[in-house]
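The file coords_10.pdb comes next; it holds PDB, C-alpha atoms (C1' of nucleotides).
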```pdb
ATOM      1  CA  MET A   1    -103.978 215.288 -55.414
ATOM      2  CA  THR A   2    -100.922 214.275 -57.292
ATOM      3  CA  ARG A   3     -98.666 215.271 -60.105
ATOM      4  CA  LEU A   4     -99.148 218.963 -60.968
ATOM      5  CA  ASP A   5    -101.504 219.483 -58.049
ATOM      6  CA  HIS A   6     -98.767 218.316 -55.785
ATOM      7  CA  GLU A   7     -96.448 220.913 -57.251
ATOM      8  CA  GLU A   8     -99.031 223.607 -56.699
ATOM      9  CA  TYR A   9     -99.574 222.446 -53.133
ATOM     10  CA  VAL A  10     -95.848 222.710 -52.570
ATOM     11  CA  GLU A  11     -95.785 226.178 -54.059
ATOM     12  CA  LEU A  12     -98.616 227.322 -51.823
ATOM     13  CA  VAL A  13     -96.952 225.946 -48.721
ATOM     14  CA  LEU A  14     -93.584 227.457 -49.579
ATOM     15  CA  THR A  15     -95.291 230.760 -50.386
ATOM     16  CA  CYS A  16     -96.877 230.831 -46.954
ATOM     17  CA  VAL A  17     -93.525 230.124 -45.336
ATOM     18  CA  GLU A  18     -91.797 232.843 -47.311
ATOM     19  CA  ARG A  19     -94.552 235.261 -46.357
ATOM     20  CA  VAL A  20     -93.904 234.790 -42.661
ATOM     21  CA  PRO A  21     -92.429 238.074 -41.386
ATOM     22  CA  ARG A  22     -89.175 238.257 -39.480
ATOM     23  CA  GLY A  23     -89.511 237.475 -35.804
ATOM     24  CA  ARG A  24     -92.783 235.665 -36.384
ATOM     25  CA  VAL A  25     -93.684 232.030 -36.841
ATOM     26  CA  THR A  26     -96.642 229.999 -37.996
ATOM     27  CA  THR A  27     -97.714 226.441 -37.454
ATOM     28  CA  TYR A  28     -98.098 223.453 -39.743
ATOM     29  CA  GLY A  29    -101.770 223.321 -38.902
ATOM     30  CA  ALA A  30    -102.358 226.956 -39.844
ATOM     31  CA  ILE A  31    -100.644 226.485 -43.201
ATOM     32  CA  ALA A  32    -102.547 223.278 -43.738
ATOM     33  CA  GLU A  33    -105.797 225.149 -43.193
ATOM     34  CA  VAL A  34    -105.011 228.020 -45.537
ATOM     35  CA  VAL A  35    -103.479 225.838 -48.224
ATOM     36  CA  GLY A  36    -106.136 223.199 -47.735
ATOM     37  CA  THR A  37    -108.808 225.792 -48.401
ATOM     38  CA  VAL A  38    -107.382 226.402 -51.863
ATOM     39  CA  ALA A  39    -105.922 222.992 -52.601
ATOM     40  CA  GLY A  40    -109.107 221.393 -51.347
ATOM     41  CA  GLY A  41    -107.683 219.117 -48.728
ATOM     42  CA  GLY A  42    -104.427 218.197 -47.145
ATOM     43  CA  GLY A  43    -103.394 218.309 -43.527
ATOM     44  CA  PRO A  44    -100.540 219.077 -41.154
ATOM     45  CA  ARG A  45     -98.758 215.872 -42.158
ATOM     46  CA  LEU A  46     -98.755 216.982 -45.766
ATOM     47  CA  VAL A  47     -97.273 220.337 -44.887
ATOM     48  CA  GLY A  48     -94.653 218.457 -42.910
ATOM     49  CA  SER A  49     -93.883 216.178 -45.826
ATOM     50  CA  VAL A  50     -93.693 219.112 -48.208
ATOM     51  CA  MET A  51     -91.356 220.927 -45.858
ATOM     52  CA  ALA A  52     -89.215 217.834 -45.481
ATOM     53  CA  MET A  53     -88.819 217.502 -49.242
ATOM     54  CA  HIS A  54     -88.887 221.103 -50.431
ATOM     55  CA  GLY A  55     -88.432 223.075 -47.230
ATOM     56  CA  GLY A  56     -84.708 223.464 -47.764
ATOM     57  CA  PRO A  57     -84.632 226.765 -49.714
ATOM     58  CA  VAL A  58     -87.248 228.469 -47.525
ATOM     59  CA  PRO A  59     -87.097 229.827 -43.949
ATOM     60  CA  TRP A  60     -88.426 226.584 -42.493
ATOM     61  CA  TRP A  61     -87.521 227.672 -38.971
ATOM     62  CA  ARG A  62     -90.483 230.066 -39.140
ATOM     63  CA  VAL A  63     -92.765 227.051 -39.251
ATOM     64  CA  VAL A  64     -93.175 225.384 -35.882
ATOM     65  CA  ARG A  65     -95.359 222.749 -34.304
ATOM     66  CA  ALA A  66     -98.585 223.514 -32.445
ATOM     67  CA  ASP A  67     -96.698 223.831 -29.158
ATOM     68  CA  GLY A  68     -94.141 226.230 -30.614
ATOM     69  CA  SER A  69     -91.314 223.741 -30.898
ATOM     70  CA  LEU A  70     -89.368 222.201 -33.740
ATOM     71  CA  PRO A  71     -87.863 218.740 -34.186
ATOM     72  CA  PRO A  72     -84.805 218.495 -31.866
ATOM     73  CA  SER A  73     -82.353 218.209 -34.720
ATOM     74  CA  HIS A  74     -83.759 221.265 -36.443
ATOM     75  CA  GLU A  75     -84.393 223.205 -33.290
ATOM     76  CA  VAL A  76     -80.641 223.527 -32.832
ATOM     77  CA  ASP A  77     -80.285 224.959 -36.320
ATOM     78  CA  ALA A  78     -83.248 227.252 -35.825
ATOM     79  CA  ARG A  79     -82.167 228.808 -32.536
ATOM     80  CA  PRO A  80     -79.528 231.117 -34.114
ATOM     81  CA  HIS A  81     -82.135 232.304 -36.601
ATOM     82  CA  TYR A  82     -84.586 233.087 -33.797
ATOM     83  CA  LEU A  83     -81.904 234.995 -31.954
ATOM     84  CA  ASP A  84     -80.997 236.852 -35.132
ATOM     85  CA  GLU A  85     -84.605 237.732 -35.968
ATOM     86  CA  GLY A  86     -85.575 238.499 -32.394
ATOM     87  CA  THR A  87     -88.298 235.885 -32.339
ATOM     88  CA  PRO A  88     -90.066 235.741 -28.955
ATOM     89  CA  LEU A  89     -88.803 232.667 -27.173
ATOM     90  CA  ARG A  90     -90.030 230.993 -24.021
ATOM     91  CA  PRO A  91     -87.784 229.914 -21.135
ATOM     92  CA  SER A  92     -88.281 226.339 -22.293
ATOM     93  CA  GLY A  93     -86.380 227.220 -25.453
ATOM     94  CA  ASN A  94     -89.300 226.944 -27.844
ATOM     95  CA  VAL A  95     -91.104 229.793 -29.599
ATOM     96  CA  ASP A  96     -93.699 231.808 -27.698
ATOM     97  CA  LEU A  97     -96.697 231.303 -29.947
ATOM     98  CA  LYS A  98     -98.660 233.685 -27.773
ATOM     99  CA  GLN A  99     -96.629 236.485 -29.274
ATOM    100  CA  ALA A 100     -94.870 235.079 -32.305
ATOM    101  CA  PHE A 101     -97.754 233.232 -33.923
ATOM    102  CA  TRP A 102     -98.560 234.683 -37.314
ATOM    103  CA  ARG A 103    -101.599 233.600 -39.261
ATOM    104  CA  PRO A 104    -100.882 233.135 -42.968
ATOM    105  CA  PRO A 105    -103.123 235.226 -45.239
ATOM    106  CA  ALA A 106    -105.838 233.463 -47.172
ATOM    107  CA  LEU A 107    -104.389 232.637 -50.565
ATOM    108  CA  GLY A 108    -106.346 232.843 -53.816
TER     109      GLY A 108
ATOM    110  C1'  DA B 109    -104.309 196.425 -52.835
ATOM    111  C1'  DA B 110    -102.504 196.571 -48.042
ATOM    112  C1'  DT B 111     -99.197 198.211 -44.566
ATOM    113  C1'  DA B 112     -96.048 201.397 -42.689
ATOM    114  C1'  DT B 113     -94.405 205.998 -42.075
ATOM    115  C1'  DG B 114     -94.000 211.078 -41.445
ATOM    116  C1'  DA B 115     -90.581 218.323 -40.089
ATOM    117  C1'  DC B 116     -98.806 217.136 -37.183
ATOM    118  C1'  DT B 117    -102.787 217.921 -33.794
ATOM    119  C1'  DG B 118    -106.120 217.284 -30.191
ATOM    120  C1'  DT B 119    -107.921 214.611 -26.334
ATOM    121  C1'  DC B 120    -107.531 211.497 -22.585
ATOM    122  C1'  DT B 121    -104.988 209.418 -18.737
TER     123       DT B 121
ATOM    124  C1'  DA C 122     -96.471 217.969 -16.978
ATOM    125  C1'  DA C 123     -95.644 214.003 -19.756
ATOM    126  C1'  DG C 124     -96.969 209.828 -22.235
ATOM    127  C1'  DA C 125    -100.537 207.058 -24.844
ATOM    128  C1'  DC C 126    -104.085 206.952 -28.582
ATOM    129  C1'  DA C 127    -106.608 208.063 -32.383
ATOM    130  C1'  DG C 128    -107.561 210.982 -36.554
ATOM    131  C1'  DC C 129    -105.717 212.837 -40.713
ATOM    132  C1'  DC C 130    -103.679 212.833 -45.859
ATOM    133  C1'  DA C 131    -100.161 211.574 -49.230
ATOM    134  C1'  DT C 132     -95.976 208.773 -50.415
ATOM    135  C1'  DA C 133     -93.205 204.722 -50.408
ATOM    136  C1'  DT C 134     -92.573 199.710 -50.333
TER     137       DT C 134
END
```
Hey, can you dump this file as structure tokens for me?
Amino acid sequence: MTRLDHEEYVELVLTCVERVPRGRVTTYGAIAEVVGTVAGGGGPRLVGSVMAMHGGPVPWWRVVRADGSLPPSHEVDARPHYLDEGTPLRPSGNVDLKQAFWRPPALG
DNA sequence: AATATGACTGTCT
DNA sequence: AAGACAGCCATAT
């Protein structure tokens, strides 16, 4: 996994993120599974790294952690988007995965 | 080549 | 409920 494969991995991850419907979210793990199936490996950390490096131009706020929360710094930036998209939120302030979780479609 | 790190996750305490 | 630990994969130093 490196060089061009890396680029493809990035593309797959970003594609999944872009495919997340409004008001819905997915998790790093879910993306890692779907992308990993095609890319033949990878893991949540990789998705995280990819998002950190190339997640800028995509709706990264639709990708949350397994507990429905985002890194504190980003959570603040994401909140307005959730409010705008009508994403189900829990009293705690994080996303209600019970309702908002969206499973990315199997690529390839 | 080895160690440390990260926008992660699951289990145990 | 909240913190500690280990597993996981790729990149950076």
Report as a Markdown table: every residue of chain C with an atom at most 12 Å from chain A, its closest pair of atoms, and their distance in Å to one decimal, counting all atoms listed in the file, with rows sorted by chain and ascending residue number.
```
| residue | atom | partner | partner_atom | distance |
| --- | --- | --- | --- | --- |
| C:DG128 | C1' | A:Gly43 | CA | 10.9 |
| C:DC129 | C1' | A:Gly43 | CA | 6.6 |
| C:DC130 | C1' | A:Gly42 | CA | 5.6 |
| C:DA131 | C1' | A:Leu46 | CA | 6.6 |
| C:DT132 | C1' | A:Ser49 | CA | 9.0 |
```
Contacts from chain B to chain A, 10 Å maximum, only C-alpha atoms (C1' of nucleotides): show me the residue list as JSON, numbers by chain. {"B": [114, 115, 116, 117]}
Find the residues near DT119 in chain B: any atom within 12 Å, counting all atoms listed in the file, skip ones fewer than 6 places away on the same chain, and give them as a list in words.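 The filter keeps DA125, DC126, DA127 and DG128 of chain C.
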Any chance you can output those residues with C-alpha atoms (C1' of nucleotides) as a PDB file, in the coordinates of the input?
```pdb
ATOM      1  C1'  DA C 125    -100.537 207.058 -24.844  1.00  0.00           C
ATOM      2  C1'  DC C 126    -104.085 206.952 -28.582  1.00  0.00           C
ATOM      3  C1'  DA C 127    -106.608 208.063 -32.383  1.00  0.00           C
ATOM      4  C1'  DG C 128    -107.561 210.982 -36.554  1.00  0.00           C
TER       5       DG C 128
END
```
Apply the PyMOL selection byres ((chain B and resi 111) around 12) to the file shown and report the selected residues as a ChimeraX atom specification. /B:109-110,112-113 /C:133-134
Atom-to-atom span, CA of Val20 in chain A and CA of Glu85 in chain A, Å: 11.8 Å
Name every residue that the PyMOL selection byres ((chain A and resi 37) around 12) selects in this structure, writing the answer as a list in words with chains first and numbers rising. Tyr9, Leu12, Val13, Ala30, Ile31, Ala32, Glu33, Val34, Val35, Gly36, Val38, Ala39, Gly40, Gly41, Gly42, Gly43, Pro105, Ala106, Leu107 and Gly108 of chain A
Please compute the CA of Leu14 in chain A-CA of Thr26 in chain A distance, one decimal, in Å.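 These atoms are spaced 12.2 Å apart.
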